[in-house]
Structures are given as C-alpha cells and as structure tokens.
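S.K.: Below are the structure tokens for one structure; questions will follow.
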Amino acid sequence: MRTRTLTAATALAVLFGSTALALTSAAPALADSSTLLPVTSTGDVVVDGVHQRVFISDPKSGKVVATDYSGTVVGTVESLPGVRGLELSADSGTLYAAVAGANAIAAIDTATATETHTYPTGDGTGPEYVAYTGGKLWFGYGGAANGNIGSLDLSGTDPVVALNQDGNTFYQAPILDASPGAPGTVVAGAPGQSPVELAVYDVSSGTASRTAYAFDPGSTGGGNLRDLAVTPDGKDVVTASGSPYYQAVYKLSDLTADGRYETTNYPDAVDIAPNGDVAAGTDSLYGSDVHLFKAGASTPTREYDLPSSTGGTASDELAGSGLAWAPDESKLFAVSYDSNNTYSLRIYDDPLKAAATLTATAPATAPRAKPLTVTGKLTSNASFPPGTTVSVRRTDDESPSGKPLGTATVGADGSYSFADTPPAGGQVTYTVGYAGDDYHASATATSTVNVTKTTTALTLDDNGKVYSYNTQVTFTAHLGTTYKNRTVEIYADPYGGDKPNKLIKSGAVDSSGNLSVSLYLTRDTKLTAKFTGDTRYAPATVTSTVGARVRVSTALSGYYKTQTAWNQTYRYFHKSKEPVFDTTMTPYPNRKYRVEVQGYSQGAWRATHSAYLVLGSGGQDTLELTGTPPTGVRFRIRSSYIDTTSGDNVNSTTYGTWKYFIFTS
C-alpha cells in the first residue's frame with residue numbers, strides 16, 4: 001500500500017455503413033484426347049480393331065510404334081530403316097511394313113508388337129508402300145525414275161517375290177491401295193508429283209495388268225499427291241493432293257472424275273471407314289485440319305482443328321497420311337506435329353457425329369422454395385428429330401451427387417424450358433444433358449444459381465444490462481424455425497486484450513427453441529449466439545453486450561467520533577487531525593480511480609476537487625487530506641471507476657459510496 005497527500009486548502013475550496021449466368025457446352029471441338037508420340041516422323045497409320053492397337057511408322061527413326069486406343073505406347077519394333085507403308089492382314093494377326101532401307105517387307109505380330117519375319121524384296125528395291133489383294137502382298141518400290149510395282153506371294157512354302165509388274169514405270173515408288181469391294185484390283189499413284197498420275201491394275205491373275213491410267217485425271221487432278229484410298233465398294237479412289245483444295249474422287253473403271261470432298265488448302269491425308277464415311281485431312285495451319293464426310297456428301301458433317309499439343313500458341317499440323325479409322329468407326333486417329341517436330345496421336349470418339357451445342361440459363365439469384373425456370377437451346381448443323389429431349393439434374397447441398405429432375409422436350413427451334421423449385425439454399429447447379437443419337441454427339445451445359453436461404457429468428461437476452469461485480473447471470477438464446485440444424489453456439493468475449501473470445505456452450509435448443517448458459521461476470525462482456533445454418537435456413541448471428549461493475553470499497557480513518565446527522569453517518573475530525581481515505585478496487589493494469597470531494601453550500605452539494613489517481617498493483621491506494629480545513633462545514637468523499645477515463649474499458653462505470661465528514665476545532 002502506498003500513501004499520497006492532498007492539500008486540504010485545495011481539496012476543500014468550493015469549486016463549481018441476374019443477371020443470368022449461363023454456361024455452354026458442346027461435344028469437344030478439339031481432340032477428345034491427345035498424347036505425345038516417341039517418333040521423329042510418320043509414314044503411315046494403321047488401326048487393328050481386333051487387338052485395339054494403332055501402329056505408326058517412323059521412317060527417320062526406323063521403327064514402328066504401337067499404342068493402345070488411348071494412345072499409350074504398348075510396343076516398339078526397332079531396326080526398320082526407312083519404314084513407311086503399312087498393311088494389316090485380313091485376320092488382323094500380322095502387320096506388313098515396307099522397309100525401304102532394308103530392301104524388305106517386315107512382318108509384325110499385332111498381338112505382341114514384335115517382328116516375326118523379314119521378306120527380302122531384292123537389292124536396291126527400297127519398297128515404300130504395301131497393299132494386300134488377290135492373295136498377294138503388293139508393294140510400290142524403286143528409286144528416282146524407277147518406280148514400279150512388285151508382289152510378295154506368301155501362300156506357298158517359300159515366299160515368292162515378283163518385280164517389275166508395271167512395264168510403264170513411275171518416277172518413284174508409287175502409293176498403293178486396294179479394297180475388299182474390288183478384289184484383285186490395285187490402285188497406284190505417284191507421290192509428290194505434279195500433276196497427279198494414277199493407274200489401276202487387275203492383279204487377279206497373279207500379275208499386274210493396267211486397266212486404267214490418267215495423267216492429270218479430269219484435268220483437275222492437281223499435284224503433290226500425299227495419300228489415296230479406295231472406297232469399300234471398290235467403285236472409286238479418293239486422292240489427297242496439295243492442290244486442288246479438295247479431296248478428288250475418280251472412278252476405278254476409267255479414272256474419270258466422280259465427285260469431290262470439299263476441304264481446304266493443302267490436302268495431305270484420306271482414310272475411308274468400312275461403311276464408306278470419309279476422313280479427309282489437310283495441312284492447314286490456320287483452319288480445320290480434319291474434315292469428316294458421310295459417304296458421297298460433298299460438305300463435311302464435322303471438322304476438327306489441331307491446337308498446339310505442347311501448349312504453344314501455334315496450332316499443330318496434320319502429318320501426311322496421318323488419318324486412320326477404327327474398323328467399327330467408333331474412333332478416328334490423327335497424327336499431328338508442331339514446329340519443333342513433336343508428334344502427337346489424337347483420338348476422336350464418335351468422330352462423325354454432328355457436334356451438338358447446348359446452353360443453359362437460369363437466374364443468377366433466386367429465393368429458396370420459390371419456382372424458377374431453366375431455359376436453353378440445343379443446336380447442331382444436323383437437324384434433330386421431333387420429340388428430342390434433354391435431361392435435367394440438380395446438384396445442391398441436399399443432393400451433392402445430383403438429383404435427376406426429369407426431361408424437357410426440345411422445340412422445333414431447339415429451345416427448351418424447365419421449371420423447378422429448389423428446396424435447398426446456397427449454390428444450386430442445374431446440369432442439362434443431351435445424350436446424343438446415331439447422328440449427333442452428346443452435349444452438356446450447366447447453370448448455377450445462388451439460392452438465398454430462408455432467414456430464421458435468433459435472439460439473445462440481457463443486452464445492455466449492467467451487473468454488480470462477479471454476479472452469476474443466465475443468458476438465453478432463442479432460435480426460431482429451421483430445417484434440420486437446431487444447434488446454437490454461445491461465445492463470451494470479455495473486454496480486455498488478455499482474455500480471448502471463447503465458446504462457452506454449444507448444443508441443441510430445447511423444445512421451446514432455447515439454449516441457456518450461466519456466467520459469472522467480472523468484466524464487461526460481449527456474448528455472441530451463432531446458428532451455422534442448414535441447407536434451407538441461412539446462418540444467423542446475434543450479440544448481447546452486458547456490463548460488469550468493479551468491486552469498490554472505501555474507508556475514512558482518524559476521526560474521533562461518528563454521529564448520525566442529516567440522515568447520514570458523519571465522521572468527526574479535529575482540524576488538527578489529517579483524515580486518511582483508503583480505497584480498494586478491482587485491479588487491472590494501469591487502472592486509475594476517480595476521487596471526488598464535495599462540500600455542502602447554499603443548500604446543495606458542490607464539487608470542491610476531482611482527480612484520477614493510479615491504483616496500486618493490488619488494487620489499493622491511500623490518500624491523506626493535509627492542511628488546515630474549515631470547521632463546521634459538511635464534506636463528503638468517494639472513489640469511483642469511470643469507464644475508459646479510468647484508463648481502460650474493461651468494466652462499467654461504478655460509483656463508490658459517499659463517506660461524510662466534518663471538521664471541528
């Protein structure tokens with residue numbers, strides 16, 4: 001305890017702050033999937049439907065790479081220098097590869113992707129292309145100005161090679177193709193030559209006999225032949241030449257023009273599915289590269305661009321002869337390359353189905369349990385049959401895995417409308433789906449609505465009340481109507497930075513919606529009741545701030561008697577005796593107390609002195625009144641805690657009791 005003094009002359013002198021959201025989806029305009037290939041070039045692509053393998057020849061690296069239908073490499077056949085043309089046996093058991101650098105035809109087991117035989121074709125032959133028909137394997141071979149056709153007969157005990165089957169040689173090894181629809185017929189074309197040169201051969205007798213020939217066929221054959229394919233019905237051959245800018249069609253009977261497949265600049269690939277549908281490729285840097293046609297249609301049903309396979313800004317380009325159908329037409333495979341000669345295999349699922357575009361639009365915001373409408377449109381280059389429907393699924397907090405809502409019928413203009421009343425609040429997503437059909441690819445669209453949850457009532461009593469120090473007070477939170485969550489949390493945050501906000505009770509409210517907690521109050525306290533919400537009702541928070549007074553007691557000492565007067569107890573002091581005024585108050589760091597002295601004058605109590613004095617660390621302080629006071633005058637003194645002015649805001653203002661005294665001679 002410490003003692004401070006206050007001069008009596010000083011102390012006793014009389015003083016006076018929807019748009020609507022829509023997302024659109026269509027069947028992918030890019031490859032459904034893409035994977036990098038370990039090749040430095042490509043010569044040919046063949047698909048084995050029995051083993052679901054894709055074989056790609058790499059002339060520069062001298063190998064054939066085998067992948068599965070997802071593009072994962074499952075095997076590599078090395079040591080095939082200059083390998084280019086590939087041909088699959090009728091039973092899909094063997095892949096034949098023309099290996100120019102080895103002057104041979106290699107046989108590869110398709111199931112194991114291993115080389116099983118090598119069939120030499122003769123020194124200097126350099127075979128580059130192969131086709132199977134008439135019981136023999138036919139190959140285009142020969143260097144500059146010595147292109148010719150040979151055959152490999154594997155029907156006997158020993159393989160038999162026959163060269164120089166065409167007396168009128170091509171400038172270089174010709175591209176060959178054959179079709180089950182024209183058994184015993186081989187079509188040949190001079191690669192890279194301008195204008196295009198084509199020939200048709202009857203090989204049913206075992207030797208090749210020209211039946212049709214054309215140099216610049218139809219006078220529009222263009223130049224720089226990159227690929228050719230015979231139609232499954234054996235009626236036509238389709239060519240891909242750098243010019244003109246379409247895939248030209250010629251009759252096998254006389255090589256006269258028989259239509260065209262309109263594409264774009266620099267055609268470089270063509271492959272025909274067993275049902276006659278055509279995949280036509282172009283080396284187009286700034287446009288679509290893959291163009292798909294129904295058999296005989298002049299305009300494409302669907303087109304694909306080839307974006308960068310490695311994340312660059314420039315598009316990939318289609319490799320020459322880089323297209324191949326799966327035999328069941330369920331997939332199309334395309335080989336592309338970028339400016340760094342990085343090659344990729346792109347896999348398209350249901351490639352010929354017309355792309356469908358689907359939109360879905362719902363309000364950006366909507367109230368819970370009120371009807372809303374989802375609208376949108378289904379469009380495609382190919383018309384939809386009457387009665388086409390789209391399915392609708394709602395995903396929200398009550399159905400996180402999604403809940404089917406039924407279907408909506410698409411109108412003649414492609415539009416649809418669907419009404420729903422969302423039961424849950426929060427983010428609600430509507431997924432609209434079109435399943436596709438034999439002619440259209442599937443499509444989906446989503447639209448997200450922020451559904452406002454219903455507001456519930458939450459109250460907490462006793463706000464603004466002030467209690468004596470260390471009073472036990474019961475607080476009650478009341479929760480109104482909710483869906484499933486009936487839990488309330490009550491937190492207490494005592495004033496002062498040394499005590500954190502703390503959860504003091506959490507639990508389900510009773511049948512009346514109440515949750516109570518008792519607390520001894522030693523400081524002003526902010527109580528918070530929280531309802532975290534549920535799927536239908538919004539979270540709610542309410543606060544109640546209550547005050548706690550300090551505990552204060554005072555005492556006068558040094559008087560010679562006490563006497564009741566003017567309805568109070570007065571202490572009497574000889575003026576020669578200095579009164580001692582002791583104060584005890586709830587302590588807090590750096591807390592001050594306010595001492596007031598008043599004198600009674602002219603019928604009223606009037607302030608004579610007021611000061612803030614610092615409490616001792618134990619919450620005590622002693623004040624002596626010194627000097628020569630007036631006699632016969634009524635005085636009173638008290639100590640108080642004044643919120644904030646006393647140095648902190650931890651408690652509510654608390655006035656101590658007055659102590660009355662008089663000086664006598």
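Going through the structure tokens in order, the chains are called A, B, and so on, while each chain numbers its residues from 1 and the ligands are numbered from 1 in the order shown.
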Fewer than 2 positions away in the same chain doesn't count, so skip those; otherwise give me all residues within 6 Å of stretch 167-172 of chain A, counting only C-alpha atoms, as a ChimeraX atom specification.
M.R.: /A:142-148
S.K.: Please write the residues from the selection above to a file, keeping N, CA and C atoms, as a PDB file, in the first residue's frame.
M.R.:
```pdb
ATOM      1  N   GLY A 142      11.259 -48.718-105.679  1.00  0.00           N
ATOM      2  CA  GLY A 142      12.112 -48.102-106.696  1.00  0.00           C
ATOM      3  C   GLY A 142      12.512 -46.694-106.350  1.00  0.00           C
ATOM      4  N   GLY A 143      13.706 -46.346-106.836  1.00  0.00           N
ATOM      5  CA  GLY A 143      14.223 -45.009-106.623  1.00  0.00           C
ATOM      6  C   GLY A 143      13.774 -44.071-107.719  1.00  0.00           C
ATOM      7  N   ALA A 144      14.468 -42.920-107.853  1.00  0.00           N
ATOM      8  CA  ALA A 144      14.099 -41.897-108.821  1.00  0.00           C
ATOM      9  C   ALA A 144      14.085 -42.467-110.230  1.00  0.00           C
ATOM     10  N   ALA A 145      12.978 -42.215-110.937  1.00  0.00           N
ATOM     11  CA  ALA A 145      12.759 -42.640-112.327  1.00  0.00           C
ATOM     12  C   ALA A 145      12.677 -44.153-112.469  1.00  0.00           C
ATOM     13  N   ASN A 146      12.552 -44.853-111.349  1.00  0.00           N
ATOM     14  CA  ASN A 146      12.497 -46.315-111.399  1.00  0.00           C
ATOM     15  C   ASN A 146      11.359 -46.877-110.547  1.00  0.00           C
ATOM     16  N   GLY A 147      10.328 -46.081-110.332  1.00  0.00           N
ATOM     17  CA  GLY A 147       9.224 -46.554-109.525  1.00  0.00           C
ATOM     18  C   GLY A 147       8.470 -47.675-110.216  1.00  0.00           C
ATOM     19  N   ASN A 148       8.136 -48.707-109.456  1.00  0.00           N
ATOM     20  CA  ASN A 148       7.465 -49.848-110.050  1.00  0.00           C
ATOM     21  C   ASN A 148       6.632 -50.565-108.990  1.00  0.00           C
TER      22      ASN A 148
END
```
S.K.: From a DSSP pass on the backbone, collect the residues of stretch 33-78 of chain A flagged as strand (DSSP E or B) and hand them back as a PDB file with N, CA and C atoms, in the first residue's frame.
M.R.:
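Result written to states-v7.pdb:
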```pdb
ATOM      1  N   SER A  33      -8.967 -36.700 -76.821  1.00  0.00           N
ATOM      2  CA  SER A  33      -7.766 -36.891 -76.017  1.00  0.00           C
ATOM      3  C   SER A  33      -6.558 -36.806 -76.934  1.00  0.00           C
ATOM      4  N   SER A  34      -5.401 -36.584 -76.344  1.00  0.00           N
ATOM      5  CA  SER A  34      -4.184 -36.431 -77.127  1.00  0.00           C
ATOM      6  C   SER A  34      -3.007 -36.886 -76.288  1.00  0.00           C
ATOM      7  N   THR A  35      -2.032 -37.540 -76.942  1.00  0.00           N
ATOM      8  CA  THR A  35      -0.847 -37.999 -76.229  1.00  0.00           C
ATOM      9  C   THR A  35       0.362 -37.869 -77.142  1.00  0.00           C
ATOM     10  N   LEU A  36       1.512 -37.541 -76.554  1.00  0.00           N
ATOM     11  CA  LEU A  36       2.726 -37.368 -77.341  1.00  0.00           C
ATOM     12  C   LEU A  36       3.236 -38.722 -77.825  1.00  0.00           C
ATOM     13  N   LEU A  37       3.837 -38.714 -79.009  1.00  0.00           N
ATOM     14  CA  LEU A  37       4.366 -39.936 -79.612  1.00  0.00           C
ATOM     15  C   LEU A  37       5.895 -39.903 -79.617  1.00  0.00           C
ATOM     16  N   VAL A  45      -0.315 -44.824 -90.912  1.00  0.00           N
ATOM     17  CA  VAL A  45      -1.031 -45.166 -89.687  1.00  0.00           C
ATOM     18  C   VAL A  45      -2.044 -46.248 -90.020  1.00  0.00           C
ATOM     19  N   VAL A  46      -2.050 -47.323 -89.224  1.00  0.00           N
ATOM     20  CA  VAL A  46      -2.986 -48.427 -89.428  1.00  0.00           C
ATOM     21  C   VAL A  46      -3.588 -48.796 -88.081  1.00  0.00           C
ATOM     22  N   VAL A  47      -4.891 -49.129 -88.074  1.00  0.00           N
ATOM     23  CA  VAL A  47      -5.589 -49.493 -86.846  1.00  0.00           C
ATOM     24  C   VAL A  47      -5.986 -50.965 -86.890  1.00  0.00           C
ATOM     25  N   ASP A  48      -5.636 -51.679 -85.824  1.00  0.00           N
ATOM     26  CA  ASP A  48      -6.015 -53.083 -85.644  1.00  0.00           C
ATOM     27  C   ASP A  48      -7.182 -53.119 -84.668  1.00  0.00           C
ATOM     28  N   ARG A  53      -5.190 -51.806 -81.381  1.00  0.00           N
ATOM     29  CA  ARG A  53      -3.854 -51.242 -81.477  1.00  0.00           C
ATOM     30  C   ARG A  53      -3.806 -50.237 -82.623  1.00  0.00           C
ATOM     31  N   VAL A  54      -2.976 -49.224 -82.445  1.00  0.00           N
ATOM     32  CA  VAL A  54      -2.689 -48.257 -83.502  1.00  0.00           C
ATOM     33  C   VAL A  54      -1.201 -48.364 -83.809  1.00  0.00           C
ATOM     34  N   PHE A  55      -0.873 -48.572 -85.085  1.00  0.00           N
ATOM     35  CA  PHE A  55       0.525 -48.714 -85.498  1.00  0.00           C
ATOM     36  C   PHE A  55       0.919 -47.501 -86.334  1.00  0.00           C
ATOM     37  N   ILE A  56       2.055 -46.887 -85.976  1.00  0.00           N
ATOM     38  CA  ILE A  56       2.563 -45.700 -86.664  1.00  0.00           C
ATOM     39  C   ILE A  56       3.990 -45.983 -87.104  1.00  0.00           C
ATOM     40  N   SER A  57       4.252 -45.783 -88.370  1.00  0.00           N
ATOM     41  CA  SER A  57       5.622 -45.972 -88.863  1.00  0.00           C
ATOM     42  C   SER A  57       6.394 -44.667 -88.764  1.00  0.00           C
ATOM     43  N   ASP A  58       7.693 -44.790 -88.488  1.00  0.00           N
ATOM     44  CA  ASP A  58       8.585 -43.643 -88.327  1.00  0.00           C
ATOM     45  C   ASP A  58       9.797 -43.860 -89.231  1.00  0.00           C
ATOM     46  N   LYS A  63      11.465 -47.214 -87.182  1.00  0.00           N
ATOM     47  CA  LYS A  63      10.742 -48.050 -86.220  1.00  0.00           C
ATOM     48  C   LYS A  63       9.246 -47.950 -86.454  1.00  0.00           C
ATOM     49  N   VAL A  64       8.530 -48.913 -85.891  1.00  0.00           N
ATOM     50  CA  VAL A  64       7.072 -48.884 -85.852  1.00  0.00           C
ATOM     51  C   VAL A  64       6.661 -48.860 -84.390  1.00  0.00           C
ATOM     52  N   VAL A  65       5.819 -47.884 -84.034  1.00  0.00           N
ATOM     53  CA  VAL A  65       5.349 -47.729 -82.665  1.00  0.00           C
ATOM     54  C   VAL A  65       3.910 -48.219 -82.584  1.00  0.00           C
ATOM     55  N   ALA A  66       3.618 -49.006 -81.558  1.00  0.00           N
ATOM     56  CA  ALA A  66       2.263 -49.495 -81.326  1.00  0.00           C
ATOM     57  C   ALA A  66       1.706 -48.861 -80.062  1.00  0.00           C
ATOM     58  N   THR A  67       0.475 -48.341 -80.150  1.00  0.00           N
ATOM     59  CA  THR A  67      -0.208 -47.794 -78.978  1.00  0.00           C
ATOM     60  C   THR A  67      -1.543 -48.504 -78.806  1.00  0.00           C
ATOM     61  N   ASP A  68      -2.129 -48.348 -77.625  1.00  0.00           N
ATOM     62  CA  ASP A  68      -3.499 -48.807 -77.463  1.00  0.00           C
ATOM     63  C   ASP A  68      -4.444 -47.697 -77.899  1.00  0.00           C
ATOM     64  N   VAL A  73       1.776 -46.056 -75.430  1.00  0.00           N
ATOM     65  CA  VAL A  73       2.669 -46.929 -76.194  1.00  0.00           C
ATOM     66  C   VAL A  73       2.746 -48.295 -75.529  1.00  0.00           C
ATOM     67  N   VAL A  74       2.471 -49.341 -76.313  1.00  0.00           N
ATOM     68  CA  VAL A  74       2.498 -50.702 -75.780  1.00  0.00           C
ATOM     69  C   VAL A  74       3.594 -51.548 -76.421  1.00  0.00           C
ATOM     70  N   GLY A  75       4.275 -51.007 -77.409  1.00  0.00           N
ATOM     71  CA  GLY A  75       5.347 -51.758 -78.046  1.00  0.00           C
ATOM     72  C   GLY A  75       6.025 -50.952 -79.127  1.00  0.00           C
ATOM     73  N   THR A  76       7.285 -51.284 -79.413  1.00  0.00           N
ATOM     74  CA  THR A  76       8.054 -50.620 -80.463  1.00  0.00           C
ATOM     75  C   THR A  76       8.895 -51.663 -81.186  1.00  0.00           C
ATOM     76  N   VAL A  77       8.842 -51.637 -82.499  1.00  0.00           N
ATOM     77  CA  VAL A  77       9.676 -52.524 -83.312  1.00  0.00           C
ATOM     78  C   VAL A  77      10.781 -51.668 -83.921  1.00  0.00           C
TER      79      VAL A  77
END
```
S.K.: For A:Ser383, which of A:Ser665, A:Val449, A:Thr301, A:Gly140 is the closest residue, counting only C-alpha atoms?
M.R.: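 Of A:Ser665, A:Val449, A:Thr301, A:Gly140, the one nearest A:Ser383, counting only C-alpha atoms, is A:Thr301.
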S.K.: Extract, using only C-alpha atoms, all DNA, RNA and protein residues at most 8 Å from A:Ile504, discarding same-chain residues fewer than 4 positions from it, and format them as a ChimeraX atom specification.
M.R.: /A:489-492,517
S.K.: Skipping near chain neighbours, those fewer than 2 positions away, what residues fall within 8 Å of A:Thr586 using only C-alpha atoms, listed as a list in words?
M.R.: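 The filter keeps Val550, Arg551, Val552, Thr584, Tyr588 and Gly619 of chain A.
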S.K.: Which residues, written as a PyMOL selection string, have at least one atom at most 10 Å from A:Asp328, with only C-alpha atoms counted and residues fewer than 4 positions away on the same chain left out?
M.R.: chain A and resi 49+273-275+332
S.K.: Given only C-alpha atoms as the basis, pick out the residue of A:Leu198, A:Tyr250, A:Val546, A:Thr471 nearest to A:Ser518.
M.R.: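 Smallest separation from A:Ser518 among the options: A:Thr471.
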S.K.: When you look at stretch 286-295 of chain A with a cut-off of 7 Å (counting only C-alpha atoms), what residues show up, excluding the ones that are within fewer than 4 positions of it in the same chain? I need them as a PyMOL selection string.
M.R.: chain A and resi 263+276-282+299-306+318+352
S.K.: Need to verify the contact set: A:Gly533, 10 Å, only C-alpha atoms, exclusion of same-chain residues closer than 3 positions in sequence. Can you return it as a list of chain:residue names?
M.R.: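 In the requested format, the answer is A:Lys453, A:Thr454, A:Thr455, A:Thr456, A:Thr482, A:Tyr483, A:Lys484, A:Asn485, A:Arg486, A:Thr487, A:Val488, A:Lys530, A:Arg536, A:Tyr537, A:Ala538, A:Pro539, A:Ala540.
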S.K.: Using all heavy atoms, can you write the selected residues to a file as a CSV table (one decimal), in the first residue's frame?
M.R.:
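File produced: result_1.csv:
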```csv
chain,number,residue,atom,x,y,z
A,453,LYS,N,-31.1,-18.5,-48.8
A,453,LYS,CA,-31.8,-19.3,-47.8
A,453,LYS,C,-32.8,-18.5,-47.0
A,453,LYS,O,-32.7,-17.2,-46.9
A,453,LYS,CB,-30.7,-19.9,-46.9
A,453,LYS,CG,-29.8,-20.9,-47.6
A,453,LYS,CD,-28.8,-21.5,-46.6
A,453,LYS,CE,-27.9,-22.5,-47.3
A,453,LYS,NZ,-26.9,-23.1,-46.4
A,454,THR,N,-33.7,-19.1,-46.4
A,454,THR,CA,-34.7,-18.5,-45.6
A,454,THR,C,-34.1,-18.0,-44.3
A,454,THR,O,-33.2,-18.7,-43.7
A,454,THR,CB,-35.9,-19.5,-45.2
A,454,THR,OG1,-36.4,-20.0,-46.4
A,454,THR,CG2,-36.9,-18.8,-44.4
A,455,THR,N,-34.5,-16.8,-43.8
A,455,THR,CA,-34.0,-16.2,-42.6
A,455,THR,C,-34.8,-16.7,-41.4
A,455,THR,O,-36.0,-16.8,-41.4
A,455,THR,CB,-34.0,-14.7,-42.7
A,455,THR,OG1,-33.3,-14.2,-43.8
A,455,THR,CG2,-33.5,-14.1,-41.4
A,456,THR,N,-34.0,-17.1,-40.4
A,456,THR,CA,-34.7,-17.5,-39.1
A,456,THR,C,-34.4,-16.5,-38.0
A,456,THR,O,-33.5,-15.7,-38.1
A,456,THR,CB,-34.2,-18.9,-38.7
A,456,THR,OG1,-34.9,-19.3,-37.6
A,456,THR,CG2,-32.7,-18.8,-38.3
A,482,THR,N,-36.2,-23.7,-38.1
A,482,THR,CA,-35.1,-24.1,-39.0
A,482,THR,C,-35.5,-25.5,-39.7
A,482,THR,O,-36.6,-26.0,-39.4
A,482,THR,CB,-33.7,-24.3,-38.3
A,482,THR,OG1,-33.9,-25.3,-37.3
A,482,THR,CG2,-33.3,-23.0,-37.6
A,483,TYR,N,-34.6,-26.0,-40.5
A,483,TYR,CA,-34.9,-27.3,-41.2
A,483,TYR,C,-34.4,-28.5,-40.3
A,483,TYR,O,-35.2,-29.2,-39.7
A,483,TYR,CB,-34.3,-27.3,-42.6
A,483,TYR,CG,-34.5,-28.6,-43.3
A,483,TYR,CD1,-35.7,-29.2,-43.4
A,483,TYR,CD2,-33.4,-29.2,-44.0
A,483,TYR,CE1,-35.9,-30.3,-44.1
A,483,TYR,CE2,-33.6,-30.3,-44.8
A,483,TYR,CZ,-34.9,-30.9,-44.8
A,483,TYR,OH,-35.1,-32.0,-45.6
A,484,LYS,N,-33.1,-28.7,-40.3
A,484,LYS,CA,-32.6,-29.8,-39.5
A,484,LYS,C,-31.6,-29.4,-38.4
A,484,LYS,O,-31.5,-30.1,-37.4
A,484,LYS,CB,-31.9,-30.8,-40.5
A,484,LYS,CG,-32.8,-31.6,-41.4
A,484,LYS,CD,-32.0,-32.6,-42.2
A,484,LYS,CE,-33.0,-33.4,-43.1
A,484,LYS,NZ,-32.3,-34.4,-43.9
A,485,ASN,N,-30.9,-28.4,-38.6
A,485,ASN,CA,-29.9,-28.0,-37.6
A,485,ASN,C,-30.6,-27.2,-36.5
A,485,ASN,O,-31.2,-26.1,-36.8
A,485,ASN,CB,-28.8,-27.1,-38.3
A,485,ASN,CG,-27.7,-26.7,-37.3
A,485,ASN,OD1,-27.7,-27.3,-36.2
A,485,ASN,ND2,-26.9,-25.8,-37.7
A,486,ARG,N,-30.5,-27.7,-35.3
A,486,ARG,CA,-31.1,-26.9,-34.1
A,486,ARG,C,-30.0,-26.6,-33.1
A,486,ARG,O,-30.3,-26.4,-31.9
A,486,ARG,CB,-32.1,-27.8,-33.5
A,486,ARG,CG,-33.3,-28.2,-34.4
A,486,ARG,CD,-34.1,-27.0,-34.8
A,486,ARG,NE,-34.8,-26.4,-33.7
A,486,ARG,CZ,-35.3,-25.1,-33.7
A,486,ARG,NH1,-35.2,-24.4,-34.8
A,486,ARG,NH2,-36.0,-24.7,-32.7
A,487,THR,N,-28.8,-26.5,-33.6
A,487,THR,CA,-27.7,-26.3,-32.7
A,487,THR,C,-27.3,-24.8,-32.7
A,487,THR,O,-27.3,-24.1,-33.7
A,487,THR,CB,-26.4,-27.1,-33.1
A,487,THR,OG1,-26.7,-28.5,-33.0
A,487,THR,CG2,-25.2,-26.7,-32.2
A,488,VAL,N,-27.1,-24.3,-31.5
A,488,VAL,CA,-26.7,-22.9,-31.3
A,488,VAL,C,-25.4,-22.9,-30.5
A,488,VAL,O,-25.2,-23.7,-29.6
A,488,VAL,CB,-27.8,-22.1,-30.5
A,488,VAL,CG1,-27.2,-20.7,-30.1
A,488,VAL,CG2,-29.0,-21.9,-31.4
A,530,LYS,N,-24.6,-18.0,-32.2
A,530,LYS,CA,-24.4,-18.3,-33.6
A,530,LYS,C,-25.2,-19.5,-34.0
A,530,LYS,O,-25.2,-20.5,-33.3
A,530,LYS,CB,-23.0,-18.5,-33.9
A,530,LYS,CG,-22.1,-17.3,-33.8
A,530,LYS,CD,-20.6,-17.7,-34.3
A,530,LYS,CE,-19.8,-16.4,-34.2
A,530,LYS,NZ,-18.4,-16.7,-34.7
A,536,ARG,N,-31.5,-25.2,-45.7
A,536,ARG,CA,-32.6,-24.3,-46.1
A,536,ARG,C,-32.7,-23.0,-45.4
A,536,ARG,O,-33.3,-22.1,-45.9
A,536,ARG,CB,-33.9,-25.1,-45.8
A,536,ARG,CG,-34.0,-26.4,-46.6
A,536,ARG,CD,-35.3,-27.1,-46.5
A,536,ARG,NE,-35.3,-28.3,-47.3
A,536,ARG,CZ,-36.4,-29.1,-47.5
A,536,ARG,NH1,-37.6,-28.8,-46.9
A,536,ARG,NH2,-36.3,-30.2,-48.2
A,537,TYR,N,-32.0,-22.9,-44.2
A,537,TYR,CA,-32.1,-21.7,-43.5
A,537,TYR,C,-30.7,-21.1,-43.4
A,537,TYR,O,-29.7,-21.8,-43.2
A,537,TYR,CB,-32.6,-21.9,-42.1
A,537,TYR,CG,-34.2,-22.1,-42.1
A,537,TYR,CD1,-34.7,-23.3,-42.5
A,537,TYR,CD2,-35.0,-21.0,-41.9
A,537,TYR,CE1,-36.1,-23.5,-42.6
A,537,TYR,CE2,-36.4,-21.2,-41.9
A,537,TYR,CZ,-36.9,-22.4,-42.3
A,537,TYR,OH,-38.3,-22.5,-42.4
A,538,ALA,N,-30.6,-19.8,-43.5
A,538,ALA,CA,-29.3,-19.0,-43.5
A,538,ALA,C,-28.7,-19.0,-42.1
A,538,ALA,O,-29.4,-19.0,-41.1
A,538,ALA,CB,-29.5,-17.6,-44.1
A,539,PRO,N,-27.4,-18.9,-42.1
A,539,PRO,CA,-26.7,-18.7,-40.8
A,539,PRO,C,-27.2,-17.4,-40.1
A,539,PRO,O,-27.6,-16.4,-40.8
A,539,PRO,CB,-25.2,-18.6,-41.1
A,539,PRO,CG,-25.1,-19.3,-42.5
A,539,PRO,CD,-26.4,-19.0,-43.2
A,540,ALA,N,-27.2,-17.3,-38.8
A,540,ALA,CA,-27.6,-16.1,-38.1
A,540,ALA,C,-26.6,-15.9,-36.9
A,540,ALA,O,-26.2,-16.9,-36.3
A,540,ALA,CB,-29.0,-16.3,-37.6
```
S.K.: Given the choices A:Phe531, A:Tyr245, A:Tyr469, A:Tyr129, which gets closest to A:Thr481 if the distance is worked out from only C-alpha atoms?
M.R.: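 Checking each of A:Phe531, A:Tyr245, A:Tyr469, A:Tyr129 against A:Thr481, counting only C-alpha atoms, the winner is A:Phe531.
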